[in-house]
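Next comes input-v9.txt, a file with compact mmCIF, C-alpha atoms.
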# COMPACT_ATOMS: atom_id res chain seq x y z
CA MET O 993 -33.63 -42.85 -3.75
CA SER O 994 -33.13 -42.13 -0.07
CA LYS O 995 -29.80 -40.89 1.20
CA VAL O 996 -29.40 -44.11 3.20
CA THR O 997 -29.72 -46.43 0.19
CA GLU O 998 -27.57 -44.12 -1.87
CA ASN O 999 -24.85 -44.27 0.73
CA GLU O 1000 -25.15 -48.03 0.78
CA ARG O 1001 -24.75 -48.28 -3.01
CA TYR O 1002 -21.56 -46.23 -2.98
CA GLN O 1003 -20.35 -47.22 0.49
CA ARG O 1004 -17.21 -49.04 -0.69
CA GLN O 1005 -15.93 -46.02 -2.56
CA ILE O 1006 -17.18 -43.38 -0.10
CA SER O 1007 -15.11 -45.17 2.54
CA LEU O 1008 -11.98 -44.32 0.56
CA LYS O 1009 -10.63 -41.31 2.45
CA GLU O 1010 -9.42 -39.75 -0.83
CA LEU O 1011 -12.96 -39.84 -2.21
CA GLY O 1012 -15.38 -39.64 0.71
CA GLU O 1013 -18.87 -38.13 0.66
CA SER O 1014 -17.66 -34.96 -1.00
CA GLY O 1015 -16.13 -36.98 -3.85
CA GLN O 1016 -19.37 -38.90 -4.24
CA GLN O 1017 -21.27 -35.63 -4.45
CA LYS O 1018 -18.89 -34.45 -7.18
CA LEU O 1019 -19.57 -37.65 -9.15
CA LYS O 1020 -23.29 -37.11 -8.71
CA ASN O 1021 -23.03 -33.55 -9.99
CA SER O 1022 -20.96 -34.48 -13.04
CA LYS O 1023 -22.03 -34.96 -16.63
CA VAL O 1024 -20.02 -37.35 -18.80
CA LEU O 1025 -20.50 -38.18 -22.49
CA VAL O 1026 -19.24 -41.44 -23.95
CA VAL O 1027 -18.93 -41.41 -27.74
CA GLY O 1028 -19.00 -44.97 -29.07
CA ALA O 1029 -20.67 -47.78 -27.12
CA GLY O 1030 -18.18 -50.33 -28.45
CA GLY O 1031 -15.13 -52.12 -27.07
CA LEU O 1032 -13.92 -49.08 -25.10
CA GLY O 1033 -17.31 -47.54 -24.41
CA CYS O 1034 -18.96 -50.63 -22.87
CA PRO O 1035 -16.60 -51.13 -19.91
CA ALA O 1036 -16.22 -47.36 -19.44
CA LEU O 1037 -20.01 -46.96 -19.28
CA LEU O 1038 -20.46 -49.82 -16.82
CA TYR O 1039 -17.97 -48.35 -14.35
CA LEU O 1040 -19.13 -44.77 -14.78
CA ALA O 1041 -22.73 -45.78 -14.14
CA GLY O 1042 -21.66 -47.93 -11.21
CA ALA O 1043 -19.67 -45.06 -9.72
CA GLY O 1044 -22.70 -42.79 -9.74
CA ILE O 1045 -21.89 -40.21 -12.43
CA GLY O 1046 -25.05 -38.08 -12.23
CA ARG O 1047 -25.68 -37.78 -15.95
CA ILE O 1048 -24.25 -40.05 -18.64
CA GLY O 1049 -24.69 -39.47 -22.36
CA ILE O 1050 -24.17 -42.28 -24.87
CA VAL O 1051 -23.63 -41.58 -28.57
CA ASP O 1052 -23.69 -44.44 -31.08
CA PHE O 1053 -25.64 -45.06 -34.26
CA ASP O 1054 -24.42 -48.64 -34.80
CA LEU O 1055 -26.28 -51.91 -34.22
CA VAL O 1056 -25.04 -54.86 -32.17
CA SER O 1057 -23.55 -57.69 -34.23
CA LEU O 1058 -22.28 -61.14 -33.25
CA SER O 1059 -18.64 -60.24 -33.93
CA ASN O 1060 -18.92 -57.41 -31.35
CA LEU O 1061 -19.66 -59.73 -28.46
CA HIS O 1062 -16.10 -60.88 -27.71
CA ARG O 1063 -15.27 -57.36 -26.51
CA GLN O 1064 -18.44 -55.25 -26.21
CA VAL O 1065 -19.38 -56.54 -22.79
CA LEU O 1066 -22.74 -54.78 -22.41
CA PHE O 1067 -24.42 -56.90 -25.07
CA SER O 1068 -25.65 -60.47 -25.50
CA VAL O 1069 -26.84 -62.60 -28.43
CA HIS O 1070 -30.38 -61.39 -27.72
CA ASP O 1071 -29.30 -57.86 -28.63
CA ILE O 1072 -28.00 -58.58 -32.13
CA GLY O 1073 -29.52 -56.09 -34.54
CA LEU O 1074 -30.54 -53.68 -31.78
CA SER O 1075 -29.25 -50.14 -31.36
CA LYS O 1076 -26.08 -50.12 -29.25
CA SER O 1077 -26.79 -46.78 -27.62
CA MET O 1078 -30.38 -47.62 -26.74
CA LYS O 1079 -29.49 -51.07 -25.44
CA ALA O 1080 -26.60 -49.65 -23.44
CA GLY O 1081 -28.90 -47.00 -21.97
CA ASP O 1082 -31.40 -49.69 -21.02
CA ILE O 1083 -28.79 -51.84 -19.25
CA LEU O 1084 -27.19 -48.93 -17.40
CA GLY O 1085 -30.63 -47.78 -16.26
CA LYS O 1086 -31.11 -51.15 -14.58
CA LEU O 1087 -27.60 -51.14 -13.14
CA ASN O 1088 -28.12 -47.74 -11.54
CA PRO O 1089 -31.65 -46.25 -11.64
CA ASP O 1090 -30.48 -43.23 -9.61
CA ILE O 1091 -28.55 -41.67 -12.46
CA GLU O 1092 -29.78 -39.88 -15.54
CA ILE O 1093 -28.95 -41.47 -18.90
CA GLU O 1094 -29.29 -39.68 -22.17
CA VAL O 1095 -29.16 -41.73 -25.37
CA PHE O 1096 -28.08 -40.22 -28.68
CA ASN O 1097 -28.88 -42.89 -31.24
CA GLN O 1098 -27.15 -41.02 -34.03
CA LYS O 1099 -23.83 -40.56 -35.75
CA LEU O 1100 -21.77 -37.77 -34.24
CA ASP O 1101 -20.82 -35.37 -37.01
CA ASN O 1102 -19.89 -31.72 -37.31
CA SER O 1103 -23.53 -30.64 -37.60
CA ASN O 1104 -24.52 -32.05 -34.18
CA ALA O 1105 -21.25 -32.45 -32.23
CA LEU O 1106 -21.03 -28.99 -30.65
CA GLU O 1107 -24.63 -29.11 -29.50
CA ILE O 1108 -24.34 -32.62 -28.03
CA LEU O 1109 -20.94 -32.11 -26.37
CA ALA O 1110 -21.96 -28.75 -24.87
CA GLY O 1111 -24.24 -30.48 -22.37
CA PHE O 1112 -21.41 -32.44 -20.71
CA ASP O 1113 -18.29 -31.71 -18.64
CA ILE O 1114 -16.04 -34.56 -19.76
CA ILE O 1115 -16.04 -36.38 -23.10
CA LEU O 1116 -14.77 -39.95 -23.56
CA ASP O 1117 -13.67 -40.88 -27.08
CA GLY O 1118 -14.24 -44.58 -27.66
CA THR O 1119 -14.83 -44.31 -31.41
CA ASP O 1120 -13.28 -46.52 -34.05
CA ASN O 1121 -12.26 -44.18 -36.86
CA PHE O 1122 -10.02 -41.18 -37.40
CA ALA O 1123 -12.71 -38.86 -38.78
CA SER O 1124 -14.57 -39.13 -35.45
CA ARG O 1125 -11.38 -38.80 -33.41
CA TYR O 1126 -10.32 -35.53 -35.10
CA LEU O 1127 -13.89 -34.24 -34.99
CA ILE O 1128 -14.24 -34.94 -31.25
CA ASN O 1129 -10.82 -33.47 -30.50
CA ASP O 1130 -11.54 -30.28 -32.40
CA ALA O 1131 -14.99 -29.93 -30.84
CA CYS O 1132 -13.49 -30.35 -27.36
CA VAL O 1133 -10.90 -27.65 -28.08
CA LEU O 1134 -13.60 -25.27 -29.35
CA LEU O 1135 -15.87 -25.93 -26.35
CA ASN O 1136 -13.01 -26.16 -23.84
CA LYS O 1137 -14.03 -29.65 -22.71
CA THR O 1138 -11.75 -32.25 -21.15
CA LEU O 1139 -11.27 -35.22 -23.48
CA VAL O 1140 -10.43 -38.67 -22.18
CA TYR O 1141 -8.89 -40.48 -25.13
CA GLY O 1142 -8.50 -44.22 -25.60
CA ALA O 1143 -7.56 -46.15 -28.72
CA ILE O 1144 -6.56 -49.70 -29.46
CA SER O 1145 -4.99 -51.85 -32.12
CA ARG O 1146 -4.48 -55.62 -31.89
CA PHE O 1147 -2.63 -56.07 -28.54
CA GLU O 1148 -1.76 -52.43 -27.79
CA GLY O 1149 -3.64 -49.48 -26.40
CA GLN O 1150 -3.20 -45.71 -25.98
CA LEU O 1151 -4.67 -43.57 -23.23
CA ALA O 1152 -4.49 -39.82 -22.56
CA VAL O 1153 -6.35 -36.85 -21.14
CA PHE O 1154 -6.43 -34.02 -23.65
CA ASN O 1155 -7.36 -30.38 -23.41
CA LYS O 1156 -7.09 -30.07 -19.65
CA ALA O 1157 -4.39 -27.85 -18.20
CA SER O 1158 -2.59 -29.05 -15.07
CA ILE O 1159 -2.18 -25.45 -13.92
CA PRO O 1160 -4.40 -22.53 -15.00
CA THR O 1161 -1.73 -20.74 -17.06
CA GLU O 1162 -0.79 -23.80 -19.11
CA ILE O 1163 -1.96 -24.41 -22.68
CA PRO O 1164 -3.11 -28.03 -22.64
CA ALA O 1165 -2.12 -30.57 -25.28
CA ASN O 1166 -4.69 -32.13 -27.58
CA TYR O 1167 -4.80 -35.01 -30.06
CA ARG O 1168 -3.41 -32.88 -32.88
CA ASP O 1169 -0.27 -32.14 -30.87
CA LEU O 1170 0.40 -35.86 -31.06
CA PHE O 1171 -0.90 -36.60 -34.56
CA PRO O 1172 -1.39 -33.33 -36.49
CA LEU O 1173 -2.72 -35.11 -39.57
CA PRO O 1174 -4.57 -38.38 -39.98
CA PRO O 1175 -2.85 -41.27 -41.72
CA ALA O 1176 -3.97 -42.09 -45.23
CA ASP O 1177 -7.18 -44.06 -45.53
CA ASN O 1178 -5.60 -47.49 -45.91
CA GLU O 1179 -2.48 -46.97 -43.82
CA VAL O 1180 -3.94 -47.96 -40.46
CA LEU O 1181 -6.19 -50.98 -40.24
CA ASN O 1182 -9.30 -50.85 -38.08
CA CYS O 1183 -10.33 -53.60 -35.64
CA GLU O 1184 -12.21 -55.36 -38.39
CA GLU O 1185 -9.13 -55.67 -40.56
CA ALA O 1186 -6.35 -55.78 -37.99
CA GLY O 1187 -8.07 -57.78 -35.29
CA VAL O 1188 -8.14 -57.00 -31.59
CA ILE O 1189 -7.90 -59.14 -28.48
CA GLY O 1190 -11.19 -58.72 -26.59
CA VAL O 1191 -9.63 -58.02 -23.19
CA LEU O 1192 -7.62 -55.05 -24.47
CA PRO O 1193 -10.49 -52.55 -24.90
CA GLY O 1194 -11.73 -53.86 -21.55
CA ILE O 1195 -8.46 -52.73 -19.96
CA ILE O 1196 -8.16 -49.41 -21.82
CA GLY O 1197 -11.89 -48.60 -21.51
CA THR O 1198 -11.74 -49.29 -17.79
CA MET O 1199 -8.71 -47.03 -17.49
CA MET O 1200 -10.66 -44.30 -19.32
CA ALA O 1201 -13.39 -44.58 -16.66
CA ASN O 1202 -10.73 -44.45 -13.96
CA GLU O 1203 -9.17 -41.28 -15.41
CA THR O 1204 -12.65 -39.74 -15.58
CA ILE O 1205 -13.38 -40.51 -11.93
CA LYS O 1206 -9.97 -39.09 -10.91
CA LEU O 1207 -10.61 -35.92 -12.92
CA ILE O 1208 -14.02 -35.38 -11.35
CA THR O 1209 -13.04 -36.11 -7.77
CA GLY O 1210 -9.63 -34.46 -8.01
CA ILE O 1211 -7.74 -37.46 -6.72
CA GLY O 1212 -4.50 -38.97 -8.00
CA GLU O 1213 -2.62 -37.88 -11.09
CA PRO O 1214 -4.72 -38.07 -14.25
CA LEU O 1215 -2.78 -38.32 -17.53
CA LEU O 1216 -2.87 -34.57 -18.19
CA ASN O 1217 -0.65 -33.77 -21.18
CA ARG O 1218 0.68 -37.30 -21.08
CA LEU O 1219 0.14 -40.35 -23.24
CA LEU O 1220 0.28 -43.85 -21.85
CA THR O 1221 0.69 -46.90 -24.04
CA TYR O 1222 0.05 -50.46 -22.92
CA ASN O 1223 1.18 -53.64 -24.57
CA SER O 1224 -0.96 -56.56 -23.44
CA LEU O 1225 1.51 -59.16 -24.73
CA ASN O 1226 4.43 -58.19 -22.52
CA ASN O 1227 2.55 -56.02 -19.97
CA ARG O 1228 4.77 -53.04 -20.69
CA PHE O 1229 3.50 -49.54 -20.07
CA PHE O 1230 5.25 -46.59 -21.68
CA GLU O 1231 4.46 -43.00 -20.78
CA MET O 1232 5.44 -39.79 -22.52
CA ASP O 1233 4.85 -36.07 -22.09
CA LEU O 1234 2.83 -34.42 -24.83
CA VAL O 1235 4.45 -31.19 -25.92
CA VAL O 1236 2.13 -28.49 -27.27
CA MET O 1237 3.17 -27.71 -30.84
CA PRO O 1238 2.89 -24.08 -32.00
CA GLU O 1239 1.18 -24.95 -35.29
CA THR O 1240 -1.59 -27.09 -33.75
CA LYS O 1241 -3.87 -24.14 -33.03
CA SER O 1242 -3.98 -23.09 -36.68
CA MET O 1243 -5.06 -26.59 -37.75
CA ILE O 1244 -8.19 -26.60 -35.60
CA PRO O 1245 -11.28 -24.79 -36.92
CA ALA O 1246 -11.31 -21.38 -35.25
CA ASN O 1247 -15.03 -21.20 -34.51
CA ALA O 1248 -18.31 -23.07 -34.71
CA ASP O 1249 -18.98 -22.02 -38.29
CA SER O 1250 -15.66 -23.23 -39.66
CA PHE O 1251 -15.98 -26.41 -37.58
CA LYS O 1252 -19.34 -27.09 -39.20
CA ALA O 1253 -17.86 -26.40 -42.64
CA PHE O 1254 -14.84 -28.66 -42.10
CA ASN O 1255 -15.18 -31.97 -43.93
CA TYR O 1256 -13.73 -34.56 -41.53
CA HIS O 1257 -14.52 -37.49 -43.80
CA TRP O 1258 -12.68 -35.90 -46.62
CA PHE O 1259 -9.83 -34.93 -44.28
CA CYS O 1260 -9.38 -38.57 -43.29
CA ASN O 1261 -9.92 -40.14 -46.72
CA ILE O 1262 -7.80 -37.90 -48.81
CA ASN O 1263 -7.28 -40.33 -51.67
CA SER O 1264 -10.94 -40.38 -52.60
CA ASN O 1265 -10.99 -36.64 -52.99
CA PHE O 1266 -8.09 -34.21 -53.11
CA GLU O 1267 -10.11 -31.03 -53.07
CA LEU O 1268 -9.30 -28.41 -50.47
CA ASN O 1269 -11.83 -25.64 -50.05
CA GLN O 1270 -10.74 -22.02 -49.87
CA ASP O 1271 -11.37 -21.62 -46.14
CA ASP O 1272 -9.39 -24.73 -45.28
CA PHE O 1273 -6.62 -23.53 -47.58
CA GLU O 1274 -6.47 -20.21 -45.78
CA ARG O 1275 -6.22 -22.04 -42.48
CA ILE O 1276 -3.32 -24.29 -43.45
CA MET O 1277 -1.46 -22.09 -45.94
CA ASN O 1278 0.99 -20.75 -43.33
CA ASP O 1279 1.75 -24.14 -41.78
CA GLN O 1280 5.44 -24.90 -41.51
CA ASP O 1281 5.57 -28.17 -43.38
CA ILE O 1282 3.65 -27.13 -46.47
CA GLN O 1283 4.57 -26.59 -50.10
CA ILE O 1284 2.15 -24.65 -52.29
CA VAL O 1285 2.61 -25.16 -56.02
CA ASP O 1286 1.22 -23.29 -59.02
CA VAL O 1287 0.78 -25.92 -61.73
CA ARG O 1288 -0.26 -23.45 -64.44
CA GLU O 1289 2.01 -23.15 -67.47
CA GLN O 1290 4.64 -20.43 -67.49
CA GLY O 1291 3.32 -16.96 -68.22
CA GLU O 1292 -0.28 -17.63 -67.22
CA LYS O 1293 -2.00 -14.82 -65.36
CA PRO O 1294 -2.93 -13.52 -62.88
CA LEU O 1295 0.36 -13.83 -61.04
CA ILE O 1296 -0.15 -14.58 -57.38
CA ASP O 1297 1.82 -12.86 -54.65
CA ASP O 1298 -0.65 -13.35 -51.76
CA PHE O 1299 1.17 -16.45 -50.46
CA LYS O 1300 4.53 -18.12 -50.87
CA HIS O 1301 4.51 -20.77 -53.59
CA SER O 1302 6.64 -22.46 -56.23
CA GLN O 1303 5.86 -23.02 -59.91
CA ILE O 1304 5.87 -26.46 -61.51
CA PRO O 1305 3.70 -26.56 -64.62
CA LEU O 1306 1.47 -29.59 -65.06
CA SER O 1307 3.25 -30.40 -68.33
CA HIS O 1308 6.52 -30.79 -66.37
CA LEU O 1309 4.84 -32.93 -63.71
CA LYS O 1310 3.65 -35.28 -66.44
CA GLU O 1311 7.29 -35.73 -67.54
CA GLN O 1312 8.86 -36.05 -64.12
CA ILE O 1313 7.81 -35.63 -60.50
CA PRO O 1314 10.41 -33.61 -58.60
CA ASP O 1315 11.51 -34.37 -55.05
CA MET O 1316 9.20 -32.57 -52.65
CA ASP O 1317 10.03 -32.70 -48.95
CA ALA O 1318 6.98 -31.04 -47.43
CA GLN O 1319 4.48 -33.23 -45.63
CA THR O 1320 1.57 -31.28 -47.12
CA ILE O 1321 1.44 -30.23 -50.76
CA VAL O 1322 -1.24 -27.88 -52.06
CA LEU O 1323 -1.56 -27.54 -55.82
CA PHE O 1324 -3.44 -24.78 -57.55
CA CYS O 1325 -4.26 -23.67 -61.08
CA GLN O 1326 -6.83 -21.33 -62.59
CA SER O 1327 -10.06 -23.18 -61.85
CA GLY O 1328 -9.01 -26.24 -59.85
CA LYS O 1329 -9.19 -28.80 -62.67
CA ARG O 1330 -5.57 -29.11 -63.69
CA SER O 1331 -4.44 -29.07 -60.08
CA LEU O 1332 -6.72 -32.06 -59.52
CA SER O 1333 -4.90 -33.97 -62.29
CA ALA O 1334 -1.60 -32.90 -60.76
CA ALA O 1335 -2.81 -34.16 -57.35
CA GLU O 1336 -3.54 -37.56 -58.85
CA LEU O 1337 -0.08 -37.70 -60.43
CA LEU O 1338 1.66 -36.76 -57.20
CA SER O 1339 -0.49 -39.15 -55.21
CA LYS O 1340 0.51 -42.05 -57.48
CA HIS O 1341 4.15 -41.10 -57.04
CA TYR O 1342 4.22 -40.37 -53.32
CA GLY O 1343 1.58 -42.81 -52.14
CA GLN O 1344 0.52 -42.10 -48.59
CA SER O 1345 3.70 -40.36 -47.53
CA ARG O 1346 2.28 -36.90 -48.30
CA LYS O 1347 -0.98 -35.06 -47.88
CA ILE O 1348 -1.77 -33.84 -51.35
CA TYR O 1349 -4.45 -31.25 -52.00
CA SER O 1350 -5.87 -29.43 -54.96
CA LEU O 1351 -7.25 -25.96 -54.26
CA LYS O 1352 -10.96 -26.09 -55.06
CA ASP O 1353 -12.03 -23.47 -57.66
CA GLY O 1354 -8.36 -22.47 -58.05
CA ILE O 1355 -7.20 -18.91 -58.35
CA ALA O 1356 -10.62 -17.90 -59.64
CA GLY O 1357 -12.15 -18.94 -56.35
CA TRP O 1358 -9.29 -17.43 -54.34
CA GLN O 1359 -9.70 -14.01 -55.90
CA LYS O 1360 -13.46 -14.10 -55.57
CA ASN O 1361 -13.09 -14.99 -51.90
CA LYS O 1362 -10.74 -12.12 -51.07
CA MET R 1448 26.41 -41.86 -28.40
CA GLN R 1449 23.75 -44.53 -28.21
CA VAL R 1450 20.14 -44.25 -29.34
CA HIS R 1451 17.65 -46.79 -28.08
CA ILE R 1452 14.66 -46.92 -30.44
CA MET R 1453 11.27 -48.40 -29.55
CA PHE R 1454 8.67 -49.23 -32.20
CA PHE R 1455 4.99 -49.37 -31.30
CA GLY R 1456 1.86 -50.86 -32.87
CA GLN R 1457 1.94 -51.90 -36.47
CA LEU R 1458 5.33 -50.29 -37.03
CA THR R 1459 6.71 -53.57 -35.69
CA ASP R 1460 5.26 -55.29 -38.79
CA ILE R 1461 7.66 -53.16 -40.80
CA THR R 1462 10.67 -53.42 -38.53
CA GLY R 1463 10.19 -56.98 -37.33
CA THR R 1464 11.41 -55.86 -33.93
CA GLN R 1465 10.16 -53.75 -31.03
CA GLU R 1466 13.54 -52.34 -30.18
CA LEU R 1467 16.76 -51.33 -31.86
CA VAL R 1468 19.97 -49.66 -30.74
CA LEU R 1469 21.94 -47.41 -33.09
CA HIS R 1470 25.24 -45.63 -32.45
CA ASP R 1471 26.82 -42.38 -33.54
CA ILE R 1472 23.67 -40.59 -34.60
CA TYR R 1473 23.41 -37.00 -33.47
CA ASP R 1474 19.96 -35.77 -34.41
CA THR R 1475 16.48 -37.09 -35.10
CA ASN R 1476 16.49 -36.21 -38.82
CA THR R 1477 19.57 -38.38 -39.37
CA LEU R 1478 17.99 -41.06 -37.25
CA GLN R 1479 14.85 -41.02 -39.41
CA GLU R 1480 16.91 -41.19 -42.60
CA THR R 1481 18.84 -44.14 -41.22
CA LEU R 1482 15.64 -45.91 -40.18
CA HIS R 1483 14.04 -45.27 -43.57
CA GLU R 1484 17.09 -46.82 -45.23
CA LEU R 1485 16.90 -49.84 -42.95
CA TYR R 1486 13.12 -50.14 -43.30
CA PRO R 1487 11.93 -48.39 -46.49
CA ALA R 1488 8.22 -48.97 -45.72
CA LEU R 1489 8.66 -46.85 -42.60
CA ALA R 1490 8.97 -43.77 -44.83
CA ASN R 1491 5.32 -44.18 -45.85
CA ALA R 1492 4.01 -44.70 -42.34
CA LYS R 1493 2.66 -41.96 -40.06
CA TYR R 1494 4.06 -41.88 -36.57
CA ALA R 1495 4.73 -39.50 -33.71
CA ILE R 1496 8.23 -39.31 -32.25
CA ALA R 1497 9.04 -39.00 -28.58
CA MET R 1498 12.58 -38.26 -27.53
CA ASN R 1499 13.43 -39.16 -23.96
CA LYS R 1500 9.70 -39.50 -23.28
CA LYS R 1501 8.69 -36.10 -24.69
CA THR R 1502 7.00 -35.70 -28.06
CA ILE R 1503 8.93 -33.67 -30.63
CA GLN R 1504 8.32 -32.23 -34.07
CA GLY R 1505 11.06 -31.17 -36.45
CA ASN R 1506 14.72 -31.98 -35.95
CA SER R 1507 16.13 -32.42 -32.43
CA MET R 1508 19.74 -32.96 -31.39
CA PHE R 1509 20.67 -35.78 -29.03
CA SER R 1510 22.56 -34.48 -26.04
CA GLY R 1511 23.69 -37.91 -24.86
CA ASP R 1512 22.42 -41.48 -24.84
CA SER R 1513 18.76 -41.18 -25.75
CA THR R 1514 15.53 -43.12 -26.02
CA ILE R 1515 13.33 -42.64 -29.04
CA ALA R 1516 9.76 -43.94 -29.32
CA LEU R 1517 8.02 -44.20 -32.69
CA LEU R 1518 4.31 -44.26 -32.13
CA PRO R 1519 1.69 -44.81 -34.85
CA PRO R 1520 -1.89 -43.56 -34.48
CA PHE R 1521 -4.45 -46.16 -33.39
CA SER R 1522 -8.05 -45.73 -34.43
CA GLY R 1523 -9.64 -48.84 -32.93
CA GLY R 1524 -12.25 -48.67 -30.23
For this file, write the structure as C-alpha cells.
Amino acid sequence: MSKVTENERYQRQISLKELGESGQQKLKNSKVLVVGAGGLGCPALLYLAGAGIGRIGIVDFDLVSLSNLHRQVLFSVHDIGLSKSMKAGDILGKLNPDIEIEVFNQKLDNSNALEILAGFDIILDGTDNFASRYLINDACVLLNKTLVYGAISRFEGQLAVFNKASIPTEIPANYRDLFPLPPADNEVLNCEEAGVIGVLPGIIGTMMANETIKLITGIGEPLLNRLLTYNSLNNRFFEMDLVVMPETKSMIPANADSFKAFNYHWFCNINSNFELNQDDFERIMNDQDIQIVDVREQGEKPLIDDFKHSQIPLSHLKEQIPDMDAQTIVLFCQSGKRSLSAAELLSKHYGQSRKIYSLKDGIAGWQKNK
Amino acid sequence: MQVHIMFFGQLTDITGTQELVLHDIYDTNTLQETLHELYPALANAKYAIAMNKKTIQGNSMFSGDSTIALLPPFSGG
C-alpha cells in the first residue's frame, strides 16, 4: 500500500503527538503473538490489527461455538464449527490487508511454545486455563519476552505486564511471583462453570491491546511489575506492585530441555496424578515452603542424607495424619509405590490446601540419577 | 491498629463480603489465622496477598493502619 493511503489509515493516531509517524513506524516493525482467540483475544486482535502492528500471530486450536458469541466478538453464527484462529486470521486480513498475519491452528504446549514464541516481540496471554498460563509465563521468562497478561472471572478482571523491567538493572516480576503454584484442579471455576459477563473480556482484552501499543511506542506508563484488577459491577480499579520473590526463579524450568520435559497438565491437575519426576524434584527440593517426607518403615535402607527430610512411615500415616504446615509436601519411598499411597491419604486429609507429590521411582530412581 | 481487608473474585463467595475491618492484629500470619477462623473455607483457597498495595510472601508485620488485598488467581479468557 502506498505511503499516502497508509498515512490515511492511521491518520487519527499518527496525529497524536505522543505517537506520531515514528510511533506508527514502531508499530509497523513490531511482532505480537496473541495466544487464545477467545473473549480476551478477539478484542485485542481487532485493535492490534487496526493499529497497524506489522506482524500478528494467532494461536488457537479451538472451534467457534454458539456459547462463545456473547463475548468472542470476531465471530458470527456462520462461523460455528470453524477454526477460531483461521477465522480470526481471515477477518483481520480484511480489516487490515497491510499487515502480516500468521495463524497457528494448534494447541500451544511445551513442545512447540518456545519455537512459536521466539518469532515475536510481545506475547499476549488470553488463554482460559492455568496449564497454558504457567506454560506461557515460563516460556516468556526463558525467551526473555514481554508478556501482557489478562484474566477474567465472572465480573472481575486482572491485567499486568510481566517480564519487562522498567529500568535495565531491575529483575522483572512474572506470573509466578504473584501465584507461585496453580490452584487445585477444581478450586477455580472456568468461564464455562463460573459464568462471565460478555463485556468484561471486551474491556480487559482491549486494555491488553492498549498496554501492548504503549509498550511498543514507548508512551504512557504500562503496567510494568504492577497488577491491575477491575470490578465491572462497581467500576472499582485496584492496583498493586508485584514484588519479585527470591524463590520464583527456581520454580521456572532453567532451560529449553527442562521446559520441554515439564508436565504443565500434571502440574495444574495434581489430584489426577501425584507423581513428581526426579528432575522436577531436584528443582523444587530447596524451596522454602516444602516438607520432604520418607514414608518407608523405620530401619529401611539406604538412609538418605542428600536432602533435608522427615520420617513418617506409611503405617503411621494410615493410623493418623500429622499436622503438616508446608504448602508443598513431597513423599518418597524405595520405588515410588508406597509414597503414592501416602500421597492419596494426605490428599484426602488436606484436600486442596496442599500440593502433595510422590517422588517417581523413589530412592531407587534418585540414586540412579545421581 | 486497624487492618482494612479487601476480598477479590470468588473469595467473596466464601466471605460474603468484599471488605472487612479488623483491629489489633500485628502481622499477616495472625491475620490469616483470624480470617481462617472466621471463614474456614478460606484456608483451602489459593490467593495472593498484597499489603499496602505490594505483594508479599511469608509473614509481614503491620507498621500502622494497613490495607490488605486477598487476590485469587483467575484463569478465564
Handout entry: From O:Glu1013, O:Asp1298, O:Glu1092, O:Asp1317, residue lying nearest chain R [only C-alpha atoms]
Key =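 The answer is O:Asp1317, which sits nearest to chain R.
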Exercise for the section: Would you kindly report the residues of chain O within 9 Å of chain R, using only C-alpha atoms, as a PyMOL selection string? Expected result: chain O and resi 1028+1030-1033+1117-1122+1125+1142-1150+1169-1171+1173-1176+1179-1184+1188+1193+1197+1218+1221+1223+1230-1237+1342-1346
Problem - Exercise: Ala1248 (chain O) partners within 10 Å, all atoms listed in the file, chain neighbours under 6 positions left out, as number ranges by chain - result: O: 1102-1103, 1106, 1131, 1134-1135, 1254
Practice task
Using only C-alpha atoms, collect all residues at a distance of at most 9 Å from (23.8, -43.7, -31.4) as written in the file, then present them as a PyMOL selection string.
Solution key: chain R and resi 1448-1451+1468-1473+1478+1509+1511-1513
